[in-house]
Amino acid sequence: MLAGKRVLLIVTGGIAAFKMPELIRRLRERGAAVRCILTKGGAQFVTPLTLQALSEDKVYSELFSLTDESEMGHIRLSREADLVVVAPATADVLARMAAGIADDLATTTLLATDKQVVVAPAMNVQMWAHAATRANMALLESRGIRRVGPNAGDLACGEVGAGRMAEPMEILGAIEAFFAEAADSSFSDRPLAGLKALVTSGPTYEAIDPVRYIANRSSGKQGHAIAAALARLGAATTLVSGPTRLADPAGVSVVSIESARDMLAACQAALPVDVAVCAAAVADWRVKAAAGAKIKKAGGKPPSLELAENPDILATLSAAGNARPRLVVGFAAETDDVVANAVEKRKRKGCDWIVANDVSPNTGTFGGDRNTVHIVAADGVENWPPLSKDDVAMRLARRIGKHLAALRQ
Ligand SMILES: Cc1cc2nc3c(=O)[nH]c(=O)nc-3n(C[C@H](O)[C@H](O)[C@H](O)COP(=O)(O)O)c2cc1C
């Protein structure tokens with residue numbers, strides 16, 4: 001899929017720049033041509049010689065270089081690429097891109113390009129959480145720039161949290177996804193264009209105290225894949241996700257939450273939508289009175305936790321009156337009597353369809369890449385064969401497209 005594709009890789013000044021040789025190797029292995037622009041900051045973390053040796057091409061850094069401008073100016077650099085990838089993307093380069101600043105070769109090329117740009121942000125957790133960075137990123141995404149990551153985890157600065165660059169293989173996945181979409185002729189038919197979709201994904205975390213929480217084994221893979229598929233078919237898609245290890249899907253607006261109550265609030269804020277797909281594994285219960293300080297092991301009897309029921313997001317969206325999505329799809333994770341339980345759940349929740357999946361430990365559904373689902377609707381049950389979660393997502397998105405089109409007629 002990548003053979004013969006030309007990737008312009010812009011490496012800016014974050015510690016994660018040291019991972020770019022790995023990305024270049026993986027791209028080259030797959031037959032892609034890689035040309036690098038290295039900022040002054042980037043050159044503090046990876047040498048031009050390393051990038052040059054692995055990309056087997058000259059590395060560009062200077063905006064005002066007579067030789068380069070005559071041989072390969074910034075306009076040509078941007079035009080002679082099929083895709084522009086900024087990795088790592090510093091807070092600084094995101095800010096300059098958002099503001100339209102063109103004060104070095106990297107930003108001038110980014111302003112001049114007519115190609116899709118993918119950014120892989122990488123920075124300290126506070127820099128990523130800063131209102132300026134959030135606003136810059138949101139603006140860039142609203143202009144069509146795609147984002148991969150960042151992930152949560154240990155950061156090079158010693159802190160822990162969101163800001164860690166997506167791994168080279170994840171960035172490669174985003175690059176492959178872009179070229180797959182471009183090659184997919186069915187991509188030109190975007191049956192969900194003009195429609196709005198809301199998807200929930202992942203587990204919720206319910207605090208016991210500031211350091212402990214109750215959670216579940218949901219990986220978010222199915223929900224994230226559904227959001228990506230709906231966006232790919234043209235829907236303006238909001239993904240409300242609990243904590244996962246997954247990169248944000250391309251072209252999707254992501255709202256990250258922790259608790260069930262936060263998830264409900266984020267869903268309500270996203271209304272009105274045409275379709276809501278509730279794939280998150282929302283905790284049924286939370287701790288009634290989460291402690292404000294860490295509960296100490298005082299010896300003797302362990303503390304007992306009193307639970308309170310969480311709001312039912314699927315039932316709430318299904319009964320949202322005028323704001324009810326035209327199609328509400330719930331998920332049922334069952335370990336026995338999968339279909340019978342789902343039929344009953346559909347009626348109880350008031351939703352239109354239930355996607356029932358068997359999450360017994362031997363199925364590997366939780367955290368795995370495959371899923372066997374049954375679509376339970378008012379007029380019957382469809383049993384789908386075992387499929388990858390991506391294929392389940394695309395098939396479901398197409399089914400949603402057909403259903404909404406029929407409702408419009
Ligand atoms: C040791 C060190 C590590 C840094 N790591 C990052 C980083 O991971 N992400 C980031 O946004 N900025 C980081 N910075 C700050 C950027 O290098 C700085 O904002 C620089 O101006 C970025 O230039 P550029 O965006 O043109 O490459 C780091 C700075 C230093 C000194």
# chains A, B, ... in the order shown; residues from 1 in each chain; ligands from 1
>>> residues_near_ligand(ligand="ligand 1", cutoff="6 Å", atoms="only C-alpha atoms and all ligand atoms", output="PDB file with N, CA and C atoms, in the first residue's frame")
ATOM      1  N   THR A  12      10.445  17.915  14.430  1.00  0.00           N
ATOM      2  CA  THR A  12      10.655  19.136  15.223  1.00  0.00           C
ATOM      3  C   THR A  12      11.278  18.778  16.576  1.00  0.00           C
ATOM      4  N   GLY A  13      11.488  19.829  17.394  1.00  0.00           N
ATOM      5  CA  GLY A  13      12.392  19.701  18.539  1.00  0.00           C
ATOM      6  C   GLY A  13      11.849  19.102  19.813  1.00  0.00           C
ATOM      7  N   GLY A  14      11.407  17.861  19.758  1.00  0.00           N
ATOM      8  CA  GLY A  14      11.017  17.150  20.975  1.00  0.00           C
ATOM      9  C   GLY A  14      11.919  15.941  21.166  1.00  0.00           C
ATOM     10  N   ILE A  15      11.982  15.473  22.406  1.00  0.00           N
ATOM     11  CA  ILE A  15      12.850  14.326  22.701  1.00  0.00           C
ATOM     12  C   ILE A  15      12.467  13.117  21.828  1.00  0.00           C
ATOM     13  N   THR A  39      13.940  20.642  11.924  1.00  0.00           N
ATOM     14  CA  THR A  39      14.045  22.009  12.465  1.00  0.00           C
ATOM     15  C   THR A  39      15.344  22.116  13.273  1.00  0.00           C
ATOM     16  N   GLY A  41      15.494  22.896  16.346  1.00  0.00           N
ATOM     17  CA  GLY A  41      15.229  22.177  17.603  1.00  0.00           C
ATOM     18  C   GLY A  41      15.361  20.680  17.402  1.00  0.00           C
ATOM     19  N   GLY A  42      14.814  20.201  16.299  1.00  0.00           N
ATOM     20  CA  GLY A  42      14.857  18.760  16.020  1.00  0.00           C
ATOM     21  C   GLY A  42      16.295  18.254  15.941  1.00  0.00           C
ATOM     22  N   THR A  90       6.005  19.496  18.121  1.00  0.00           N
ATOM     23  CA  THR A  90       6.142  20.217  19.393  1.00  0.00           C
ATOM     24  C   THR A  90       4.946  21.144  19.603  1.00  0.00           C
ATOM     25  N   ALA A  91       4.782  21.585  20.852  1.00  0.00           N
ATOM     26  CA  ALA A  91       3.760  22.588  21.165  1.00  0.00           C
ATOM     27  C   ALA A  91       4.028  23.831  20.305  1.00  0.00           C
ATOM     28  N   ASP A  92       5.317  24.121  20.140  1.00  0.00           N
ATOM     29  CA  ASP A  92       5.728  25.303  19.385  1.00  0.00           C
ATOM     30  C   ASP A  92       5.293  25.225  17.924  1.00  0.00           C
ATOM     31  N   VAL A  93       5.526  24.085  17.282  1.00  0.00           N
ATOM     32  CA  VAL A  93       5.182  24.011  15.858  1.00  0.00           C
ATOM     33  C   VAL A  93       3.663  24.004  15.690  1.00  0.00           C
ATOM     34  N   ALA A 122       3.889  15.601  20.732  1.00  0.00           N
ATOM     35  CA  ALA A 122       4.721  14.986  21.771  1.00  0.00           C
ATOM     36  C   ALA A 122       5.200  16.096  22.685  1.00  0.00           C
ATOM     37  N   MET A 123       4.820  16.006  23.925  1.00  0.00           N
ATOM     38  CA  MET A 123       5.273  17.064  24.852  1.00  0.00           C
ATOM     39  C   MET A 123       4.945  16.683  26.282  1.00  0.00           C
TER      40      MET A 123
END
>>> residues_around(residues="Lys19 of chain A", least_positions_apart="4", cutoff="10 Å", atoms="only C-alpha atoms", output="PDB file with N, CA and C atoms, in the first residue's frame")
ATOM      1  N   ILE A  15      11.982  15.473  22.406  1.00  0.00           N
ATOM      2  CA  ILE A  15      12.850  14.326  22.701  1.00  0.00           C
ATOM      3  C   ILE A  15      12.467  13.117  21.828  1.00  0.00           C
ATOM      4  N   LEU A  23      10.673   5.088  12.507  1.00  0.00           N
ATOM      5  CA  LEU A  23       9.551   5.315  11.585  1.00  0.00           C
ATOM      6  C   LEU A  23      10.050   5.305  10.137  1.00  0.00           C
ATOM      7  N   ILE A  24      11.189   5.967   9.905  1.00  0.00           N
ATOM      8  CA  ILE A  24      11.708   6.032   8.530  1.00  0.00           C
ATOM      9  C   ILE A  24      12.026   4.616   8.036  1.00  0.00           C
ATOM     10  N   PHE A  45      18.131  16.714  18.809  1.00  0.00           N
ATOM     11  CA  PHE A  45      17.759  15.388  19.317  1.00  0.00           C
ATOM     12  C   PHE A  45      18.073  14.248  18.357  1.00  0.00           C
ATOM     13  N   VAL A  46      18.192  14.563  17.069  1.00  0.00           N
ATOM     14  CA  VAL A  46      18.534  13.530  16.099  1.00  0.00           C
ATOM     15  C   VAL A  46      19.393  14.203  15.023  1.00  0.00           C
ATOM     16  N   ALA A  87       6.306  14.816  12.974  1.00  0.00           N
ATOM     17  CA  ALA A  87       6.504  13.909  14.106  1.00  0.00           C
ATOM     18  C   ALA A  87       7.956  13.971  14.576  1.00  0.00           C
ATOM     19  N   PRO A  88       8.202  14.218  15.837  1.00  0.00           N
ATOM     20  CA  PRO A  88       7.222  14.676  16.808  1.00  0.00           C
ATOM     21  C   PRO A  88       6.783  16.100  16.469  1.00  0.00           C
ATOM     22  N   MET A 165       4.400  10.803  22.631  1.00  0.00           N
ATOM     23  CA  MET A 165       4.135  10.647  21.197  1.00  0.00           C
ATOM     24  C   MET A 165       3.612   9.237  20.893  1.00  0.00           C
ATOM     25  N   GLU A 167       3.497   5.742  19.246  1.00  0.00           N
ATOM     26  CA  GLU A 167       4.666   4.942  18.863  1.00  0.00           C
ATOM     27  C   GLU A 167       4.823   4.955  17.332  1.00  0.00           C
ATOM     28  N   PRO A 168       6.052   4.765  16.839  1.00  0.00           N
ATOM     29  CA  PRO A 168       6.262   4.773  15.383  1.00  0.00           C
ATOM     30  C   PRO A 168       5.293   3.856  14.641  1.00  0.00           C
TER      31      PRO A 168
END
>>> closest_residue(among="A:Asp391, A:Asp209, A:Glu29, A:Glu176", to="Ile295 of chain A", atoms="only C-alpha atoms")
A:Asp209
>>> closest_residue(among="A:Lys389, A:Lys345, A:Arg79, A:His74", to="Gly220 of chain A", atoms="only C-alpha atoms")
A:Lys389
>>> select_by_dssp(residues="segment 97-295 of chain A", states="strand (DSSP E or B)", output="PyMOL selection string")
chain A and resi 117-121+146-147+151-154+160-164+196-201+203+206-207+213-214+236-241+253-256+275-278+281+285-287
>>> write_last_selection(atoms="N, CA and C atoms", output="tab-separated table (two decimals), in the first residue's frame")
chain	number	residue	atom	x	y	z
A	117	VAL	N	-2.02	16.84	6.00
A	117	VAL	CA	-0.98	16.89	7.04
A	117	VAL	C	-1.43	16.04	8.24
A	118	VAL	N	-0.53	15.21	8.72
A	118	VAL	CA	-0.79	14.41	9.94
A	118	VAL	C	0.22	14.87	10.99
A	119	VAL	N	-0.25	15.17	12.20
A	119	VAL	CA	0.69	15.56	13.26
A	119	VAL	C	0.68	14.51	14.37
A	120	ALA	N	1.85	14.29	14.95
A	120	ALA	CA	1.98	13.38	16.09
A	120	ALA	C	2.53	14.20	17.26
A	121	PRO	N	1.64	14.85	18.02
A	121	PRO	CA	2.11	15.72	19.10
A	121	PRO	C	2.90	14.94	20.15
A	146	ARG	N	-4.91	16.03	10.51
A	146	ARG	CA	-5.17	14.81	11.27
A	146	ARG	C	-4.17	14.69	12.40
A	147	ARG	N	-4.61	14.01	13.45
A	147	ARG	CA	-3.73	13.85	14.62
A	147	ARG	C	-3.63	12.38	14.96
A	151	ASN	N	-0.34	9.66	23.42
A	151	ASN	CA	-0.81	8.65	24.35
A	151	ASN	C	-0.50	9.09	25.78
A	152	ALA	N	-1.14	8.39	26.70
A	152	ALA	CA	-0.82	8.61	28.11
A	152	ALA	C	0.29	7.63	28.50
A	153	GLY	N	1.14	8.03	29.40
A	153	GLY	CA	2.19	7.12	29.87
A	153	GLY	C	3.33	7.87	30.51
A	154	ASP	N	4.46	7.18	30.67
A	154	ASP	CA	5.65	7.82	31.25
A	154	ASP	C	6.22	8.77	30.21
A	160	VAL	N	4.14	11.76	34.41
A	160	VAL	CA	3.27	10.74	33.83
A	160	VAL	C	1.99	11.41	33.37
A	161	GLY	N	1.49	11.04	32.21
A	161	GLY	CA	0.23	11.61	31.75
A	161	GLY	C	0.18	11.65	30.24
A	162	ALA	N	-0.80	12.39	29.70
A	162	ALA	CA	-0.96	12.46	28.25
A	162	ALA	C	0.09	13.40	27.67
A	163	GLY	N	0.69	13.03	26.59
A	163	GLY	CA	1.70	13.87	25.95
A	163	GLY	C	2.77	13.04	25.27
A	164	ARG	N	2.75	11.74	25.54
A	164	ARG	CA	3.75	10.85	24.97
A	164	ARG	C	3.43	10.62	23.49
A	196	LYS	N	-24.36	13.86	11.77
A	196	LYS	CA	-23.54	13.93	12.98
A	196	LYS	C	-23.67	12.63	13.76
A	197	ALA	N	-22.54	12.16	14.26
A	197	ALA	CA	-22.54	10.90	15.02
A	197	ALA	C	-21.86	11.09	16.36
A	198	LEU	N	-22.34	10.33	17.33
A	198	LEU	CA	-21.74	10.33	18.67
A	198	LEU	C	-21.41	8.88	19.01
A	199	VAL	N	-20.19	8.64	19.47
A	199	VAL	CA	-19.80	7.27	19.84
A	199	VAL	C	-19.18	7.33	21.23
A	200	THR	N	-19.54	6.35	22.08
A	200	THR	CA	-18.83	6.24	23.36
A	200	THR	C	-17.95	5.01	23.30
A	201	SER	N	-16.83	5.06	24.03
A	201	SER	CA	-15.86	3.97	23.93
A	201	SER	C	-15.06	3.82	25.22
A	203	PRO	N	-13.55	2.01	28.91
A	203	PRO	CA	-14.13	1.79	30.24
A	203	PRO	C	-14.42	3.13	30.90
A	206	GLU	N	-14.16	4.81	38.12
A	206	GLU	CA	-14.97	5.35	39.21
A	206	GLU	C	-14.08	5.45	40.44
A	207	ALA	N	-13.88	6.68	40.90
A	207	ALA	CA	-12.90	6.91	41.98
A	207	ALA	C	-13.34	6.28	43.30
A	213	TYR	N	-9.33	3.41	41.89
A	213	TYR	CA	-10.59	3.49	41.17
A	213	TYR	C	-11.10	2.10	40.83
A	214	ILE	N	-12.38	2.03	40.48
A	214	ILE	CA	-12.98	0.79	39.98
A	214	ILE	C	-13.08	0.94	38.46
A	236	ALA	N	-19.74	13.77	10.77
A	236	ALA	CA	-18.99	14.60	11.72
A	236	ALA	C	-19.12	13.87	13.06
A	237	THR	N	-18.04	13.27	13.52
A	237	THR	CA	-18.13	12.30	14.61
A	237	THR	C	-17.44	12.80	15.88
A	238	THR	N	-18.18	12.67	16.99
A	238	THR	CA	-17.61	12.96	18.31
A	238	THR	C	-17.44	11.64	19.04
A	239	LEU	N	-16.25	11.40	19.57
A	239	LEU	CA	-15.99	10.18	20.34
A	239	LEU	C	-15.79	10.58	21.80
A	240	VAL	N	-16.66	10.08	22.67
A	240	VAL	CA	-16.49	10.33	24.10
A	240	VAL	C	-15.87	9.07	24.68
A	241	SER	N	-14.62	9.20	25.13
A	241	SER	CA	-13.90	7.98	25.51
A	241	SER	C	-13.39	8.01	26.93
A	253	SER	N	-13.51	14.00	16.50
A	253	SER	CA	-13.33	14.93	17.61
A	253	SER	C	-13.46	14.15	18.91
A	254	VAL	N	-12.41	14.11	19.71
A	254	VAL	CA	-12.38	13.22	20.87
A	254	VAL	C	-12.54	14.01	22.17
A	255	VAL	N	-13.46	13.54	23.02
A	255	VAL	CA	-13.62	14.11	24.36
A	255	VAL	C	-13.20	13.03	25.35
A	256	SER	N	-12.17	13.28	26.14
A	256	SER	CA	-11.68	12.27	27.08
A	256	SER	C	-12.29	12.50	28.45
A	275	VAL	N	-27.04	9.96	14.93
A	275	VAL	CA	-26.90	8.59	15.44
A	275	VAL	C	-25.97	8.59	16.64
A	276	ALA	N	-26.35	7.79	17.64
A	276	ALA	CA	-25.47	7.60	18.80
A	276	ALA	C	-25.17	6.12	18.92
A	277	VAL	N	-23.89	5.79	19.05
A	277	VAL	CA	-23.49	4.39	19.24
A	277	VAL	C	-22.79	4.30	20.60
A	278	CYS	N	-23.44	3.61	21.53
A	278	CYS	CA	-22.89	3.53	22.89
A	278	CYS	C	-22.12	2.23	23.04
A	281	ALA	N	-17.97	0.57	27.89
A	281	ALA	CA	-18.33	-0.32	28.99
A	281	ALA	C	-18.44	0.55	30.24
A	285	TRP	N	-21.93	0.82	38.63
A	285	TRP	CA	-21.94	1.44	39.95
A	285	TRP	C	-20.70	2.29	40.16
A	286	ARG	N	-20.84	3.26	41.02
A	286	ARG	CA	-19.68	4.04	41.49
A	286	ARG	C	-19.67	3.95	43.01
A	287	VAL	N	-18.56	4.40	43.58
A	287	VAL	CA	-18.49	4.43	45.04
A	287	VAL	C	-19.33	5.62	45.50
>>> select_by_dssp(residues="segment 31-208 of chain A", states="alpha helix (DSSP H)", output="PyMOL selection string")
chain A and resi 48-55+66-72+74-79+91-99+105-112+125-129+131-142+168-183
>>> residues_around(residues="Leu9 of chain A", least_positions_apart="5", cutoff="6 Å", atoms="only C-alpha atoms", output="mmCIF file with C-alpha atoms, in the first residue's frame")
data_model
loop_
_atom_site.group_PDB
_atom_site.id
_atom_site.type_symbol
_atom_site.label_atom_id
_atom_site.label_comp_id
_atom_site.auth_asym_id
_atom_site.auth_seq_id
_atom_site.Cartn_x
_atom_site.Cartn_y
_atom_site.Cartn_z
ATOM 1 C CA CYS A 36 12.922 14.871 5.866
ATOM 2 C CA VAL A 85 3.784 14.075 8.588
ATOM 3 C CA VAL A 86 4.967 16.215 11.506
#
>>> residues_around(residues="Arg134 of chain A", least_positions_apart="3", cutoff="12 Å", atoms="only C-alpha atoms", output="ChimeraX atom specification")
/A:91,94-95,98,121,125-131,137-141,163,254-255
>>> write_last_selection(atoms="N, CA and C atoms", output="compact mmCIF listing (two decimals), in the first residue's frame")
# COMPACT_ATOMS: atom_id res chain seq x y z
N ALA A 91 4.78 21.59 20.85
CA ALA A 91 3.76 22.59 21.16
C ALA A 91 4.03 23.83 20.30
N LEU A 94 2.93 23.40 16.63
CA LEU A 94 1.47 23.41 16.54
C LEU A 94 0.97 24.86 16.63
N ALA A 95 1.59 25.63 17.54
CA ALA A 95 1.17 27.03 17.72
C ALA A 95 1.45 27.83 16.45
N ALA A 98 -0.99 26.85 13.75
CA ALA A 98 -2.33 27.39 14.00
C ALA A 98 -2.38 28.87 13.64
N PRO A 121 1.64 14.85 18.02
CA PRO A 121 2.11 15.72 19.10
C PRO A 121 2.90 14.94 20.15
N VAL A 125 3.15 16.76 29.88
CA VAL A 125 1.71 16.67 30.14
C VAL A 125 1.07 18.04 30.33
N GLN A 126 1.77 18.95 31.00
CA GLN A 126 1.19 20.29 31.23
C GLN A 126 1.14 21.09 29.92
N MET A 127 2.16 20.89 29.09
CA MET A 127 2.16 21.60 27.80
C MET A 127 0.99 21.13 26.95
N TRP A 128 0.72 19.81 26.97
CA TRP A 128 -0.39 19.27 26.18
C TRP A 128 -1.73 19.73 26.74
N ALA A 129 -1.81 19.82 28.09
CA ALA A 129 -3.09 20.19 28.73
C ALA A 129 -3.32 21.70 28.67
N HIS A 130 -2.28 22.47 28.33
CA HIS A 130 -2.42 23.93 28.37
C HIS A 130 -3.51 24.40 27.40
N ALA A 131 -4.28 25.38 27.87
CA ALA A 131 -5.40 25.87 27.05
C ALA A 131 -4.92 26.33 25.67
N MET A 137 -4.62 22.94 18.78
CA MET A 137 -4.87 21.61 18.20
C MET A 137 -6.29 21.54 17.64
N ALA A 138 -7.25 22.07 18.41
CA ALA A 138 -8.64 22.02 17.96
C ALA A 138 -8.79 22.80 16.65
N LEU A 139 -8.12 23.95 16.57
CA LEU A 139 -8.20 24.76 15.36
C LEU A 139 -7.61 24.00 14.17
N LEU A 140 -6.46 23.37 14.39
CA LEU A 140 -5.82 22.63 13.31
C LEU A 140 -6.71 21.48 12.86
N GLU A 141 -7.31 20.77 13.83
CA GLU A 141 -8.18 19.64 13.45
C GLU A 141 -9.41 20.13 12.70
N GLY A 163 0.69 13.03 26.59
CA GLY A 163 1.70 13.87 25.95
C GLY A 163 2.77 13.04 25.27
N VAL A 254 -12.41 14.11 19.71
CA VAL A 254 -12.38 13.22 20.87
C VAL A 254 -12.54 14.01 22.17
N VAL A 255 -13.46 13.54 23.02
CA VAL A 255 -13.62 14.11 24.36
C VAL A 255 -13.20 13.03 25.35
>>> residues_around(residues="Ala405 of chain A", least_positions_apart="4", cutoff="10 Å", atoms="only C-alpha atoms", output="list of chain:residue names")
A:Pro191, A:Leu192, A:Arg399, A:Ile400, A:Gly401, A:Gln409
>>> closest_residue(among="A:Ala225, A:Val392, A:Leu314, A:Ala323", to="Ala270 of chain A", atoms="only C-alpha atoms")
A:Ala323
>>> residues_around(residues="Lys294 of chain A", least_positions_apart="2", cutoff="7 Å", atoms="only C-alpha atoms", output="PyMOL selection string")
chain A and resi 209-211+291-292+296
>>> write_last_selection(atoms="C-alpha atoms", output="mmCIF file, in the first residue's frame")
data_model
loop_
_atom_site.group_PDB
_atom_site.id
_atom_site.type_symbol
_atom_site.label_atom_id
_atom_site.label_comp_id
_atom_site.auth_asym_id
_atom_site.auth_seq_id
_atom_site.Cartn_x
_atom_site.Cartn_y
_atom_site.Cartn_z
ATOM 1 C CA ASP A 209 -10.191 7.911 46.558
ATOM 2 C CA PRO A 210 -7.733 10.178 44.703
ATOM 3 C CA VAL A 211 -5.421 7.251 43.863
ATOM 4 C CA ALA A 291 -12.867 9.728 49.739
ATOM 5 C CA GLY A 292 -11.232 13.127 49.265
ATOM 6 C CA LYS A 296 -5.058 4.605 54.810
#
>>> residues_around(residues="Ala332 of chain A", least_positions_apart="3", cutoff="9 Å", atoms="only C-alpha atoms", output="PDB file with N, CA and C atoms, in the first residue's frame")
ATOM      1  N   ALA A 279     -20.817   2.290  22.736  1.00  0.00           N
ATOM      2  CA  ALA A 279     -19.993   1.076  22.801  1.00  0.00           C
ATOM      3  C   ALA A 279     -19.163   1.031  24.082  1.00  0.00           C
ATOM      4  N   ALA A 281     -17.967   0.572  27.891  1.00  0.00           N
ATOM      5  CA  ALA A 281     -18.328  -0.322  28.991  1.00  0.00           C
ATOM      6  C   ALA A 281     -18.442   0.546  30.243  1.00  0.00           C
ATOM      7  N   VAL A 338     -26.393 -14.730  25.193  1.00  0.00           N
ATOM      8  CA  VAL A 338     -26.025 -13.438  24.604  1.00  0.00           C
ATOM      9  C   VAL A 338     -27.202 -12.775  23.880  1.00  0.00           C
ATOM     10  N   ASN A 341     -30.464 -12.098  26.154  1.00  0.00           N
ATOM     11  CA  ASN A 341     -30.250 -10.946  27.042  1.00  0.00           C
ATOM     12  C   ASN A 341     -30.292  -9.640  26.263  1.00  0.00           C
ATOM     13  N   ALA A 342     -29.752  -9.671  25.039  1.00  0.00           N
ATOM     14  CA  ALA A 342     -29.714  -8.446  24.233  1.00  0.00           C
ATOM     15  C   ALA A 342     -31.122  -8.045  23.787  1.00  0.00           C
ATOM     16  N   LYS A 345     -32.609  -6.452  26.674  1.00  0.00           N
ATOM     17  CA  LYS A 345     -31.951  -5.160  26.968  1.00  0.00           C
ATOM     18  C   LYS A 345     -32.448  -4.061  26.017  1.00  0.00           C
ATOM     19  N   ILE A 354     -29.338  -3.225  19.342  1.00  0.00           N
ATOM     20  CA  ILE A 354     -28.287  -3.637  20.284  1.00  0.00           C
ATOM     21  C   ILE A 354     -27.280  -4.473  19.503  1.00  0.00           C
ATOM     22  N   VAL A 355     -26.012  -4.136  19.650  1.00  0.00           N
ATOM     23  CA  VAL A 355     -24.951  -4.986  19.110  1.00  0.00           C
ATOM     24  C   VAL A 355     -24.514  -5.876  20.272  1.00  0.00           C
ATOM     25  N   ALA A 356     -24.839  -7.154  20.160  1.00  0.00           N
ATOM     26  CA  ALA A 356     -24.557  -8.065  21.276  1.00  0.00           C
ATOM     27  C   ALA A 356     -23.253  -8.792  21.008  1.00  0.00           C
ATOM     28  N   ASN A 357     -22.346  -8.752  21.964  1.00  0.00           N
ATOM     29  CA  ASN A 357     -21.124  -9.546  21.798  1.00  0.00           C
ATOM     30  C   ASN A 357     -20.824 -10.380  23.035  1.00  0.00           C
ATOM     31  N   ASP A 358     -20.280 -11.545  22.750  1.00  0.00           N
ATOM     32  CA  ASP A 358     -19.943 -12.489  23.811  1.00  0.00           C
ATOM     33  C   ASP A 358     -18.563 -12.106  24.341  1.00  0.00           C
TER      34      ASP A 358
END
>>> closest_residue(among="A:Leu317, A:Ile75, A:Ala293, A:Ala17", to="Thr50 of chain A", atoms="only C-alpha atoms")
A:Ala17
